[in-house]
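Structure data follow from target16.txt (compact mmCIF, C-alpha atoms):
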```
# COMPACT_ATOMS: atom_id res chain seq x y z
CA MET K 25 91.64 -14.71 -13.66
CA PRO K 26 90.09 -11.25 -13.47
CA ALA K 27 86.97 -10.59 -15.52
CA THR K 28 87.68 -9.33 -18.98
CA ARG K 29 86.22 -6.04 -20.10
CA ARG K 30 83.90 -7.96 -22.42
CA GLU K 31 82.45 -10.02 -19.57
CA LEU K 32 82.04 -6.95 -17.41
CA LEU K 33 80.10 -5.17 -20.15
CA GLU K 34 77.93 -8.22 -20.74
CA HIS K 35 76.90 -8.33 -17.10
CA ALA K 36 76.32 -4.63 -16.95
CA THR K 37 74.10 -4.82 -20.04
CA ARG K 38 72.10 -7.64 -18.48
CA PHE K 39 71.61 -5.53 -15.37
CA ILE K 40 70.40 -2.53 -17.36
CA VAL K 41 67.92 -4.68 -19.31
CA MET K 42 66.60 -6.16 -16.07
CA SER K 43 66.11 -2.76 -14.44
CA GLY K 44 64.34 -1.57 -17.59
CA ALA K 45 61.95 -4.49 -17.28
CA ALA K 46 61.39 -3.60 -13.63
CA ALA K 47 60.48 -0.05 -14.59
CA ALA K 48 58.05 -1.38 -17.23
CA ALA K 49 56.49 -3.65 -14.63
CA PHE K 50 56.13 -0.65 -12.32
CA ASP K 51 54.30 1.20 -15.10
CA ALA K 52 52.01 -1.77 -15.68
CA MET K 53 51.23 -1.98 -11.97
CA GLN K 54 49.75 1.51 -12.12
CA GLY K 55 47.31 -0.17 -14.47
CA THR K 56 44.47 0.95 -16.68
CA VAL K 57 40.90 1.15 -15.46
CA SER K 58 38.06 0.22 -17.76
CA ALA K 59 36.17 3.12 -19.29
CA ASP K 60 32.95 1.73 -17.79
CA ALA K 61 33.88 3.17 -14.47
CA ALA K 62 33.87 6.71 -15.80
CA THR K 63 30.75 8.67 -15.08
CA THR K 64 30.34 12.39 -14.80
CA ASN K 65 26.89 13.58 -13.80
CA ASP K 66 24.65 11.31 -15.82
CA TYR K 67 26.93 11.14 -18.84
CA LYS K 68 28.60 7.75 -19.23
CA MET K 69 31.58 7.79 -21.55
CA ALA K 70 31.31 4.05 -22.10
CA ASP K 71 27.83 4.47 -23.65
CA HIS K 72 28.99 6.64 -26.53
CA TRP K 73 31.25 6.46 -29.57
CA TRP K 74 31.09 9.77 -31.39
CA GLY K 75 31.51 10.47 -35.08
CA MET K 76 29.93 12.55 -37.79
CA THR K 77 28.10 12.01 -41.06
CA ILE K 78 28.29 14.45 -43.95
CA ASP K 79 25.91 14.41 -46.89
CA VAL K 80 27.84 16.11 -49.68
CA GLU K 81 24.72 16.59 -51.83
CA ARG K 82 23.08 18.60 -49.08
CA CYS K 83 25.99 20.99 -48.45
CA ILE K 84 25.28 24.39 -49.99
CA GLY K 85 28.57 26.06 -49.02
CA CYS K 86 26.94 28.78 -46.92
CA GLY K 87 29.70 28.71 -44.31
CA ASN K 88 27.28 28.64 -41.36
CA CYS K 89 29.24 25.79 -39.77
CA VAL K 90 32.53 27.68 -40.03
CA ARG K 91 31.07 30.80 -38.41
CA ALA K 92 29.28 28.81 -35.72
CA CYS K 93 32.42 26.87 -34.84
CA ALA K 94 34.49 30.05 -34.58
CA LYS K 95 31.93 31.62 -32.22
CA GLU K 96 31.37 28.54 -30.09
CA ASN K 97 35.03 27.71 -29.65
CA ASN K 98 36.63 31.13 -29.85
CA VAL K 99 38.78 30.05 -32.80
CA PRO K 100 41.45 32.68 -33.57
CA GLU K 101 41.00 34.59 -36.82
CA GLY K 102 42.65 32.95 -39.81
CA TYR K 103 42.59 29.49 -38.21
CA PHE K 104 39.88 26.87 -38.62
CA ARG K 105 38.63 23.85 -36.74
CA THR K 106 36.21 23.24 -39.57
CA TRP K 107 36.16 24.70 -43.06
CA VAL K 108 34.45 24.14 -46.40
CA GLU K 109 36.18 23.50 -49.72
CA ARG K 110 34.68 24.05 -53.15
CA TYR K 111 35.72 21.50 -55.75
CA GLN K 112 35.39 22.18 -59.45
CA VAL K 113 36.25 19.13 -61.50
CA GLY K 114 36.55 19.45 -65.26
CA GLU K 115 37.03 16.53 -67.62
CA ASP K 116 39.98 18.21 -69.30
CA MET K 117 41.53 19.43 -66.06
CA GLU K 118 44.61 17.68 -64.77
CA ARG K 119 43.48 18.13 -61.18
CA PRO K 120 40.38 19.63 -59.63
CA GLU K 121 40.30 23.30 -58.78
CA VAL K 122 39.81 23.68 -55.04
CA ASP K 123 39.17 26.92 -53.22
CA SER K 124 38.19 27.84 -49.70
CA PRO K 125 38.37 31.62 -49.25
CA LYS K 126 38.83 32.32 -45.51
CA GLY K 127 37.76 28.71 -44.92
CA ALA K 128 34.30 29.74 -46.23
CA MET K 129 33.87 32.03 -43.22
CA GLU K 130 31.97 34.41 -45.51
CA GLY K 131 30.60 31.77 -47.86
CA PHE K 132 31.86 31.60 -51.45
CA PRO K 133 31.90 34.22 -54.19
CA PRO K 134 29.94 32.81 -57.17
CA SER K 135 32.09 30.76 -59.51
CA ASP K 136 32.47 31.95 -63.11
CA LYS K 137 32.53 28.37 -64.41
CA LYS K 138 29.58 26.68 -66.09
CA ASP K 139 28.79 23.10 -67.05
CA ILE K 140 31.34 21.64 -64.71
CA LYS K 141 31.12 19.12 -61.92
CA ALA K 142 31.23 21.12 -58.72
CA PHE K 143 30.39 20.54 -55.06
CA PHE K 144 31.28 21.57 -51.53
CA ILE K 145 33.19 19.44 -49.04
CA PRO K 146 32.97 20.40 -45.37
CA LYS K 147 36.05 19.32 -43.47
CA LEU K 148 36.85 18.90 -39.80
CA CYS K 149 38.77 16.57 -37.53
CA ASN K 150 37.77 13.07 -38.59
CA HIS K 151 38.01 11.81 -35.01
CA CYS K 152 39.87 8.73 -36.18
CA SER K 153 39.89 5.82 -33.77
CA ASP K 154 43.42 4.97 -34.91
CA SER K 155 44.69 8.48 -35.35
CA PRO K 156 48.27 9.26 -36.41
CA CYS K 157 48.21 12.57 -34.50
CA VAL K 158 47.72 10.74 -31.20
CA GLN K 159 50.43 8.21 -31.95
CA VAL K 160 53.15 10.80 -32.47
CA CYS K 161 52.53 12.90 -29.35
CA PRO K 162 55.65 12.55 -27.20
CA VAL K 163 54.05 13.68 -23.93
CA GLY K 164 50.57 12.12 -23.88
CA ALA K 165 48.90 15.48 -24.47
CA THR K 166 46.54 14.25 -27.16
CA PHE K 167 44.41 11.17 -27.03
CA VAL K 168 41.25 9.41 -28.16
CA SER K 169 38.78 9.74 -25.28
CA PRO K 170 36.86 6.66 -24.09
CA ASP K 171 33.87 8.00 -26.05
CA GLY K 172 35.84 8.32 -29.28
CA VAL K 173 36.73 12.01 -29.47
CA VAL K 174 40.28 13.12 -30.27
CA LEU K 175 41.16 15.80 -27.72
CA VAL K 176 44.17 17.89 -26.71
CA ASP K 177 45.27 18.40 -23.12
CA GLN K 178 46.07 22.12 -23.32
CA SER K 179 48.05 22.06 -20.09
CA TYR K 180 50.20 19.12 -21.17
CA CYS K 181 50.91 20.08 -24.79
CA ILE K 182 54.45 21.35 -25.31
CA GLY K 183 53.69 22.78 -28.75
CA CYS K 184 56.17 20.57 -30.59
CA ARG K 185 53.95 20.44 -33.73
CA TYR K 186 54.46 16.73 -34.42
CA CYS K 187 50.70 16.17 -34.38
CA VAL K 188 50.11 19.09 -36.76
CA GLN K 189 52.34 17.38 -39.30
CA ALA K 190 51.01 13.90 -38.58
CA CYS K 191 47.34 14.65 -39.28
CA PRO K 192 46.70 13.54 -42.88
CA TYR K 193 43.68 15.83 -43.07
CA GLY K 194 45.34 19.07 -41.96
CA CYS K 195 42.94 19.50 -39.09
CA ARG K 196 45.31 20.79 -36.42
CA PHE K 197 47.03 24.10 -35.86
CA ILE K 198 49.10 25.82 -33.22
CA HIS K 199 47.13 28.52 -31.43
CA PRO K 200 48.95 31.81 -32.10
CA GLU K 201 48.64 32.95 -28.48
CA THR K 202 48.79 29.85 -26.31
CA GLN K 203 51.27 28.12 -28.67
CA VAL K 204 49.69 24.74 -28.06
CA ALA K 205 47.95 22.39 -30.48
CA GLU K 206 44.30 23.11 -31.22
CA LYS K 207 41.67 21.22 -33.11
CA CYS K 208 38.00 20.33 -33.36
CA THR K 209 36.82 18.84 -30.07
CA LEU K 210 33.55 17.73 -31.65
CA CYS K 211 32.16 20.32 -29.21
CA TYR K 212 32.93 17.97 -26.34
CA HIS K 213 31.47 20.51 -23.91
CA ARG K 214 28.14 20.28 -25.77
CA ILE K 215 27.81 16.64 -26.77
CA THR K 216 28.50 15.45 -23.22
CA LYS K 217 25.54 17.58 -22.09
CA GLY K 218 23.06 16.26 -24.62
CA LEU K 219 23.45 19.02 -27.22
CA THR K 220 24.68 18.63 -30.78
CA THR K 221 27.82 20.35 -32.04
CA ALA K 222 27.72 24.04 -32.94
CA CYS K 223 28.33 23.29 -36.62
CA CYS K 224 25.48 20.79 -36.76
CA GLU K 225 23.19 23.15 -34.84
CA ALA K 226 23.86 25.90 -37.37
CA CYS K 227 23.79 23.79 -40.55
CA PRO K 228 20.62 24.84 -42.40
CA THR K 229 20.35 21.68 -44.50
CA GLN K 230 21.39 18.99 -42.01
CA ALA K 231 24.27 18.19 -44.34
CA ARG K 232 26.35 17.40 -41.29
CA LYS K 233 25.03 15.38 -38.39
CA LEU K 234 26.58 14.34 -35.14
CA ALA K 235 26.55 10.55 -34.86
CA ASP K 236 26.67 8.34 -31.80
CA LEU K 237 27.78 5.00 -33.19
CA LYS K 238 27.09 3.21 -29.90
CA ASP K 239 23.49 4.40 -29.68
CA PRO K 240 21.34 1.80 -31.44
CA LYS K 241 18.59 4.41 -31.95
CA ASP K 242 20.85 6.94 -33.65
CA ALA K 243 19.95 7.67 -37.30
CA VAL K 244 23.60 7.09 -38.20
CA HIS K 245 23.01 3.35 -38.51
CA GLU K 246 20.31 3.85 -41.09
CA PHE K 247 22.52 6.40 -42.86
CA LEU K 248 25.42 3.96 -43.07
CA ARG K 249 23.17 1.08 -44.11
CA ASN K 250 21.25 2.87 -46.84
CA ASN K 251 23.94 4.99 -48.46
CA THR K 252 27.22 4.63 -50.23
CA VAL K 253 29.62 6.21 -47.79
CA GLN K 254 33.33 6.81 -47.77
CA VAL K 255 35.87 8.28 -45.39
CA LEU K 256 38.63 10.65 -46.48
CA LYS K 257 41.95 9.00 -47.37
CA PRO K 258 40.93 5.44 -46.49
CA GLN K 259 44.40 4.30 -47.60
CA MET K 260 45.81 5.99 -44.50
CA ALA K 261 44.04 3.40 -42.32
CA THR K 262 43.17 6.00 -39.71
CA LYS K 263 39.75 4.46 -39.00
CA SER K 264 38.12 7.82 -39.53
CA LYS K 265 34.66 8.28 -38.02
CA THR K 266 33.61 11.09 -40.34
CA TYR K 267 31.54 9.43 -43.05
CA TYR K 268 30.82 11.22 -46.32
CA LYS K 269 27.84 10.34 -48.46
CA GLY K 270 28.29 11.04 -52.17
CA LEU K 271 32.02 11.67 -51.95
CA ASP K 272 33.66 12.15 -55.34
CA GLY K 273 36.92 10.35 -56.08
CA SER K 274 38.67 13.65 -56.75
CA VAL K 275 38.42 14.74 -53.11
CA ARG K 276 41.68 14.67 -51.21
CA MET A 30 81.06 -17.84 -13.69
CA LYS A 31 83.32 -18.16 -10.69
CA ASP A 32 86.02 -16.21 -12.51
CA THR A 33 83.60 -13.59 -13.59
CA PHE A 34 82.57 -12.58 -10.10
CA ARG A 35 86.00 -12.85 -8.52
CA GLU A 36 86.56 -9.25 -9.52
CA ALA A 37 83.03 -8.10 -8.69
CA SER A 38 84.36 -4.93 -7.17
CA HIS A 39 84.57 -3.64 -10.76
CA LEU A 40 80.80 -3.56 -10.79
CA VAL A 41 80.11 -1.83 -7.51
CA ARG A 42 80.52 1.72 -8.71
CA LEU A 43 78.44 1.02 -11.84
CA VAL A 44 75.65 -0.57 -9.82
CA VAL A 45 75.56 2.30 -7.36
CA VAL A 46 75.38 4.90 -10.15
CA LEU A 47 72.58 3.00 -11.89
CA ALA A 48 70.65 2.47 -8.66
CA VAL A 49 70.83 6.18 -7.83
CA ALA A 50 69.75 7.08 -11.36
CA ILE A 51 66.77 4.72 -11.22
CA VAL A 52 65.65 5.94 -7.80
CA ALA A 53 66.02 9.55 -8.93
CA PHE A 54 64.01 8.81 -12.08
CA LEU A 55 61.20 7.07 -10.22
CA GLY A 56 61.12 9.78 -7.56
CA LEU A 57 60.97 12.56 -10.12
CA ARG A 58 58.36 10.70 -12.13
CA GLY A 59 56.21 10.18 -9.06
CA ALA A 60 56.41 13.86 -8.20
CA VAL A 61 55.72 15.23 -11.69
CA VAL A 62 53.20 12.81 -13.22
CA PRO A 63 49.64 13.16 -11.84
CA LYS A 64 48.47 10.21 -9.76
CA ASP A 65 45.61 9.34 -12.10
CA PHE A 66 47.71 9.57 -15.30
CA GLY A 67 47.01 6.50 -17.37
CA GLN A 68 43.57 5.84 -15.91
CA TYR A 69 42.03 5.56 -19.40
CA GLY A 70 45.14 5.56 -21.53
CA HIS A 71 48.40 7.43 -21.95
CA TYR A 72 47.01 10.82 -20.91
CA ARG A 73 45.77 12.87 -17.98
CA PRO A 74 42.08 12.06 -17.34
CA GLY A 75 41.53 15.59 -16.03
CA ALA A 76 41.87 16.78 -19.63
CA LEU A 77 38.43 15.32 -20.35
CA GLU A 78 36.92 17.51 -17.64
CA ASP A 79 38.87 20.53 -18.97
CA SER A 80 37.31 20.01 -22.39
CA ARG A 81 33.83 19.62 -20.90
CA ALA A 82 34.13 22.80 -18.88
CA LYS A 83 34.12 25.19 -21.88
CA PRO A 84 31.14 27.57 -21.94
CA ILE A 85 28.21 26.87 -24.27
CA VAL A 86 27.55 29.63 -26.82
CA PHE A 87 24.80 28.18 -29.03
CA ALA A 88 21.80 27.45 -26.79
CA GLY A 89 20.16 24.93 -29.10
CA GLN A 90 16.77 24.79 -30.78
CA GLN A 91 14.95 23.28 -27.81
CA ASP A 92 15.63 26.40 -25.70
CA CYS A 93 14.46 28.88 -28.37
CA VAL A 94 11.02 27.38 -28.88
CA VAL A 95 10.22 27.50 -25.15
CA CYS A 96 9.45 31.23 -25.46
CA HIS A 97 9.25 31.89 -29.21
CA GLU A 98 6.37 29.58 -29.95
CA ASP A 99 4.77 31.84 -32.59
CA GLN A 100 7.90 32.12 -34.69
CA ALA A 101 8.51 28.40 -34.38
CA LYS A 102 5.00 27.72 -35.67
CA ALA A 103 5.42 30.11 -38.58
CA ARG A 104 8.69 28.47 -39.47
CA ASP A 105 7.26 24.95 -39.26
CA SER A 106 4.72 25.78 -41.97
CA GLY A 107 7.29 26.73 -44.59
CA ARG A 108 10.29 25.39 -46.38
CA HIS A 109 12.66 26.65 -43.72
CA ALA A 110 11.04 24.29 -41.20
CA ARG A 111 14.18 22.31 -40.51
CA ILE A 112 16.52 25.28 -40.13
CA THR A 113 17.32 25.98 -36.49
CA CYS A 114 16.75 29.49 -35.10
CA GLU A 115 20.41 30.06 -34.38
CA ALA A 116 21.42 29.19 -37.94
CA CYS A 117 20.25 32.69 -38.91
CA HIS A 118 19.94 34.50 -35.58
CA GLY A 119 23.38 33.51 -34.32
CA PRO A 120 24.40 32.09 -30.94
CA GLN A 121 21.90 32.89 -28.19
CA ALA A 122 23.00 31.12 -25.00
CA LYS A 123 23.47 34.54 -23.36
CA HIS A 124 19.96 35.54 -24.38
CA VAL A 125 18.58 32.31 -22.91
CA GLU A 126 20.41 32.93 -19.65
CA ASP A 127 19.16 36.48 -19.41
CA PRO A 128 16.38 37.45 -21.89
CA SER A 129 17.21 41.13 -21.41
CA ASN A 130 20.33 40.44 -23.50
CA LYS A 131 18.51 41.36 -26.69
CA PRO A 132 20.07 39.81 -29.78
CA LYS A 133 20.51 41.89 -32.94
CA LEU A 134 18.32 41.01 -35.89
CA PRO A 135 20.36 39.32 -38.61
CA GLN A 136 21.47 41.33 -41.63
CA VAL A 137 19.01 40.17 -44.23
CA SER A 138 21.02 40.70 -47.42
CA ALA A 139 24.06 38.68 -46.31
CA ILE A 140 22.14 35.94 -44.53
CA CYS A 141 19.93 35.14 -47.54
CA THR A 142 22.61 35.26 -50.20
CA ASN A 143 25.01 33.03 -48.26
CA CYS A 144 22.64 30.20 -49.08
CA HIS A 145 20.65 31.36 -52.11
CA GLU A 146 23.16 33.19 -54.34
CA LYS A 147 23.51 31.11 -57.50
CA ASP A 148 26.66 29.03 -57.75
CA VAL A 149 27.69 26.11 -59.91
CA ALA A 150 28.72 24.07 -56.85
CA LYS A 151 25.38 24.44 -55.06
CA PRO A 152 23.09 21.43 -55.38
CA LYS A 153 20.25 21.60 -57.91
CA TRP A 154 17.50 21.12 -55.33
CA LEU A 155 18.36 24.43 -53.65
CA PRO A 156 16.42 27.52 -54.87
CA GLN A 157 19.05 29.95 -56.16
CA GLN A 158 19.02 33.44 -57.64
CA VAL A 159 21.52 35.85 -59.10
CA THR A 160 20.66 38.63 -56.66
CA LYS A 161 21.48 41.59 -58.87
CA ASP A 162 19.23 40.30 -61.68
CA HIS A 163 16.49 39.11 -59.33
CA ALA A 164 16.02 41.66 -56.58
CA ASN A 165 16.38 44.95 -58.43
CA GLY A 166 18.15 46.44 -55.42
CA MET A 167 15.41 45.49 -52.96
CA GLU A 168 15.98 43.60 -49.72
CA CYS A 169 14.92 39.94 -49.87
CA ASN A 170 12.42 40.31 -47.03
CA SER A 171 10.44 43.00 -48.79
CA CYS A 172 8.85 40.13 -50.76
CA HIS A 173 9.83 36.92 -48.91
CA LYS A 174 9.11 36.14 -45.29
CA PRO A 175 12.24 34.53 -43.86
CA HIS A 176 10.32 32.34 -41.41
CA ALA A 177 8.05 30.97 -44.13
CA PRO A 178 9.65 32.00 -47.38
CA LYS A 179 6.79 32.11 -49.85
CA MET A 180 5.96 35.12 -51.99
CA GLY A 181 3.63 37.65 -50.46
```
Transcribe the structure of this file into structure tokens.
Amino acid sequence: MPATRRELLEHATRFIVMSGAAAAAFDAMQGTVSADAATTNDYKMADHWWGMTIDVERCIGCGNCVRACAKENNVPEGYFRTWVERYQVGEDMERPEVDSPKGAMEGFPPSDKKDIKAFFIPKLCNHCSDSPCVQVCPVGATFVSPDGVVLVDQSYCIGCRYCVQACPYGCRFIHPETQVAEKCTLCYHRITKGLTTACCEACPTQARKLADLKDPKDAVHEFLRNNTVQVLKPQMATKSKTYYKGLDGSVR
Amino acid sequence: MKDTFREASHLVRLVVVLAVAIVAFLGLRGAVVPKDFGQYGHYRPGALEDSRAKPIVFAGQQDCVVCHEDQAKARDSGRHARITCEACHGPQAKHVEDPSNKPKLPQVSAICTNCHEKDVAKPKWLPQQVTKDHANGMECNSCHKPHAPKMG
């Protein structure tokens, strides 16, 4: 008896599944190498795990970080890798009033409000270790580096904008000229050479500090131990590495 | 089973098409994807080097004080002690590379008020003034020394 169509299809399906498995095995054979092997000059990626701490009570909203970032990274006008928001929270207000004129590039015009809870919140890429933006990239153009920095491969990015929408903190944008995704690199070109980020260098009050969570001597450990800290949107489970001290519940 | 494969010729064309497709896919993949792709994860490791290669614009405090010892000392004595040079003077990596690249002095009025103009959101510990009531049209540095900002 000749094979029925059903049987034929069953065998064909089995064959396709098997060849799929073979392709997966081929992928696995290419393998992943441990980050320990990676060394450039005397910088070992495996020795670092970068993040940032922000002390809200020390931020004076001067905008130095925003200007410094724009100069260091050649950020196109009207776009921001870091910015500062001013929150004004009134007891009788339904939601807080938030403003950030030009991302605080020129600081803030004085508020006309009095006797109100108000503070500044600097924002930047949170360099999440479980970041949604990395998970949605269809081409492997964005990734968490072995030292914990979320980066974009400019030559691989196809500008599809998935990551821009996926970031819960609004930290990504499409560069108007190159048309590829851009974001804070935590000044990767600086921190891998022993310097701090441009924003931290320019911050007059040390409200923001670069943190190396793998360095046992880094002040970040004391900061985390001695203070009440919070990350933005903890319910998103992004494992953010930007820790805010004195963060008000109204901040989104 | 025996019956199933009696008419195996049905499968030949399908198998050939699939085999060609798989070989073509693997060949194309091998040609397009860089050899070291996936070394650390699902990305091109060369991207790390690309990010590192960007030029440095802010030299950093440690480079400034090598030459400008006097100003550093003056600053250390006052309440601006922990503010880095480039926070006010702007990025100076070019000046460090070649000192004949003279930086412009910062514009005093804007640089002071960015921090010290009174605002409800600024923390209480920060000295703040409403400039138009306080300065009477004078520049801040006619009374205050920016490196050690006490009166006089």
Output as a Markdown table one row per residue of chain A within 7 Å of chain K: the closest atom pair and its distance in Å to one decimal place, counting only C-alpha atoms, sorted by chain and residue number ascending.
```
| residue | atom | partner | partner_atom | distance |
| --- | --- | --- | --- | --- |
| A:Asp32 | CA | K:Met25 | CA | 5.9 |
| A:Thr33 | CA | K:Ala27 | CA | 4.9 |
| A:Arg35 | CA | K:Pro26 | CA | 6.6 |
| A:Glu36 | CA | K:Pro26 | CA | 5.7 |
| A:Gly67 | CA | K:Thr56 | CA | 6.1 |
| A:Gln68 | CA | K:Thr56 | CA | 5.0 |
| A:Tyr69 | CA | K:Thr56 | CA | 5.9 |
| A:Gly70 | CA | K:Thr56 | CA | 6.7 |
| A:His71 | CA | K:Gly164 | CA | 5.5 |
| A:Tyr72 | CA | K:Gly164 | CA | 4.8 |
| A:Ala76 | CA | K:Asp177 | CA | 5.1 |
| A:Ser80 | CA | K:His213 | CA | 6.1 |
| A:Arg81 | CA | K:His213 | CA | 3.9 |
| A:Ala82 | CA | K:His213 | CA | 6.1 |
| A:Lys83 | CA | K:His213 | CA | 5.7 |
| A:Ile85 | CA | K:Arg214 | CA | 6.8 |
| A:Val86 | CA | K:Glu96 | CA | 5.1 |
| A:Phe87 | CA | K:Ala222 | CA | 6.4 |
| A:Gly89 | CA | K:Glu225 | CA | 6.7 |
| A:Ile112 | CA | K:Pro228 | CA | 4.7 |
| A:Thr113 | CA | K:Ala226 | CA | 6.6 |
| A:Glu115 | CA | K:Ala226 | CA | 6.2 |
| A:Ala116 | CA | K:Ala226 | CA | 4.1 |
| A:Asn143 | CA | K:Cys86 | CA | 4.9 |
| A:Cys144 | CA | K:Cys86 | CA | 5.0 |
| A:Lys147 | CA | K:Pro134 | CA | 6.7 |
| A:Asp148 | CA | K:Pro134 | CA | 5.0 |
| A:Val149 | CA | K:Ala142 | CA | 6.2 |
| A:Ala150 | CA | K:Phe143 | CA | 4.3 |
| A:Lys151 | CA | K:Ile84 | CA | 5.1 |
| A:Pro152 | CA | K:Glu81 | CA | 6.2 |
```
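Shortest separation to Gln136 (chain A) among A:Val62, A:Ala122, A:Val41, A:Cys117 occurs at residue A:Cys117, atoms counted being all atoms listed in the file.
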Neighbouring residues of Lys238 (chain K) were defined as those with any atom within 9 Å, considering all atoms listed in the file; residues of the same chain fewer than 5 positions away were excluded. Please report them as a PDB file with C-alpha atoms, in the frame of the given file.
```
ATOM      1  CA  ALA K  70      31.310   4.050 -22.100  1.00  0.00           C
ATOM      2  CA  ASP K  71      27.830   4.470 -23.650  1.00  0.00           C
ATOM      3  CA  HIS K  72      28.990   6.640 -26.530  1.00  0.00           C
ATOM      4  CA  TRP K  73      31.250   6.460 -29.570  1.00  0.00           C
ATOM      5  CA  TRP K  74      31.090   9.770 -31.390  1.00  0.00           C
TER       6      TRP K  74
END
```
### Message
Nearest residue to Gln100 (chain A) out of A:Ala139, A:Ala37, A:Ala88, A:Cys114, using only C-alpha atoms?
### Response
A:Cys114
## Note on the structure
A straight line from CA of Glu109 (chain K) to CA of Lys265 (chain K) spans 19.3 Å
### Task
In the coordinate frame of the file, compute which residues have an atom within 8 Å of (47.8, 20.5, -29.0) when using all atoms listed in the file, and state them as a ChimeraX atom specification.
/K:165-166,176-178,181-183,185,187,196-198,204-207
Restricted to C-alpha atoms, what would the selected residues look like written as a PDB file, keeping the file's coordinate frame?
```
ATOM      1  CA  ALA K 165      48.900  15.480 -24.470  1.00  0.00           C
ATOM      2  CA  THR K 166      46.540  14.250 -27.160  1.00  0.00           C
ATOM      3  CA  VAL K 176      44.170  17.890 -26.710  1.00  0.00           C
ATOM      4  CA  ASP K 177      45.270  18.400 -23.120  1.00  0.00           C
ATOM      5  CA  GLN K 178      46.070  22.120 -23.320  1.00  0.00           C
ATOM      6  CA  CYS K 181      50.910  20.080 -24.790  1.00  0.00           C
ATOM      7  CA  ILE K 182      54.450  21.350 -25.310  1.00  0.00           C
ATOM      8  CA  GLY K 183      53.690  22.780 -28.750  1.00  0.00           C
ATOM      9  CA  ARG K 185      53.950  20.440 -33.730  1.00  0.00           C
ATOM     10  CA  CYS K 187      50.700  16.170 -34.380  1.00  0.00           C
ATOM     11  CA  ARG K 196      45.310  20.790 -36.420  1.00  0.00           C
ATOM     12  CA  PHE K 197      47.030  24.100 -35.860  1.00  0.00           C
ATOM     13  CA  ILE K 198      49.100  25.820 -33.220  1.00  0.00           C
ATOM     14  CA  VAL K 204      49.690  24.740 -28.060  1.00  0.00           C
ATOM     15  CA  ALA K 205      47.950  22.390 -30.480  1.00  0.00           C
ATOM     16  CA  GLU K 206      44.300  23.110 -31.220  1.00  0.00           C
ATOM     17  CA  LYS K 207      41.670  21.220 -33.110  1.00  0.00           C
TER      18      LYS K 207
END
```
### Atomic separation - CA of Leu77 (chain A) relative to CA of Tyr67 (chain K), Å
12.3 Å
### Task
Measure the distance from CA of Arg108 (chain A) to CA of Lys179 (chain A) in Å and round it to one decimal.
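Distance between the two atoms: 8.3 Å.
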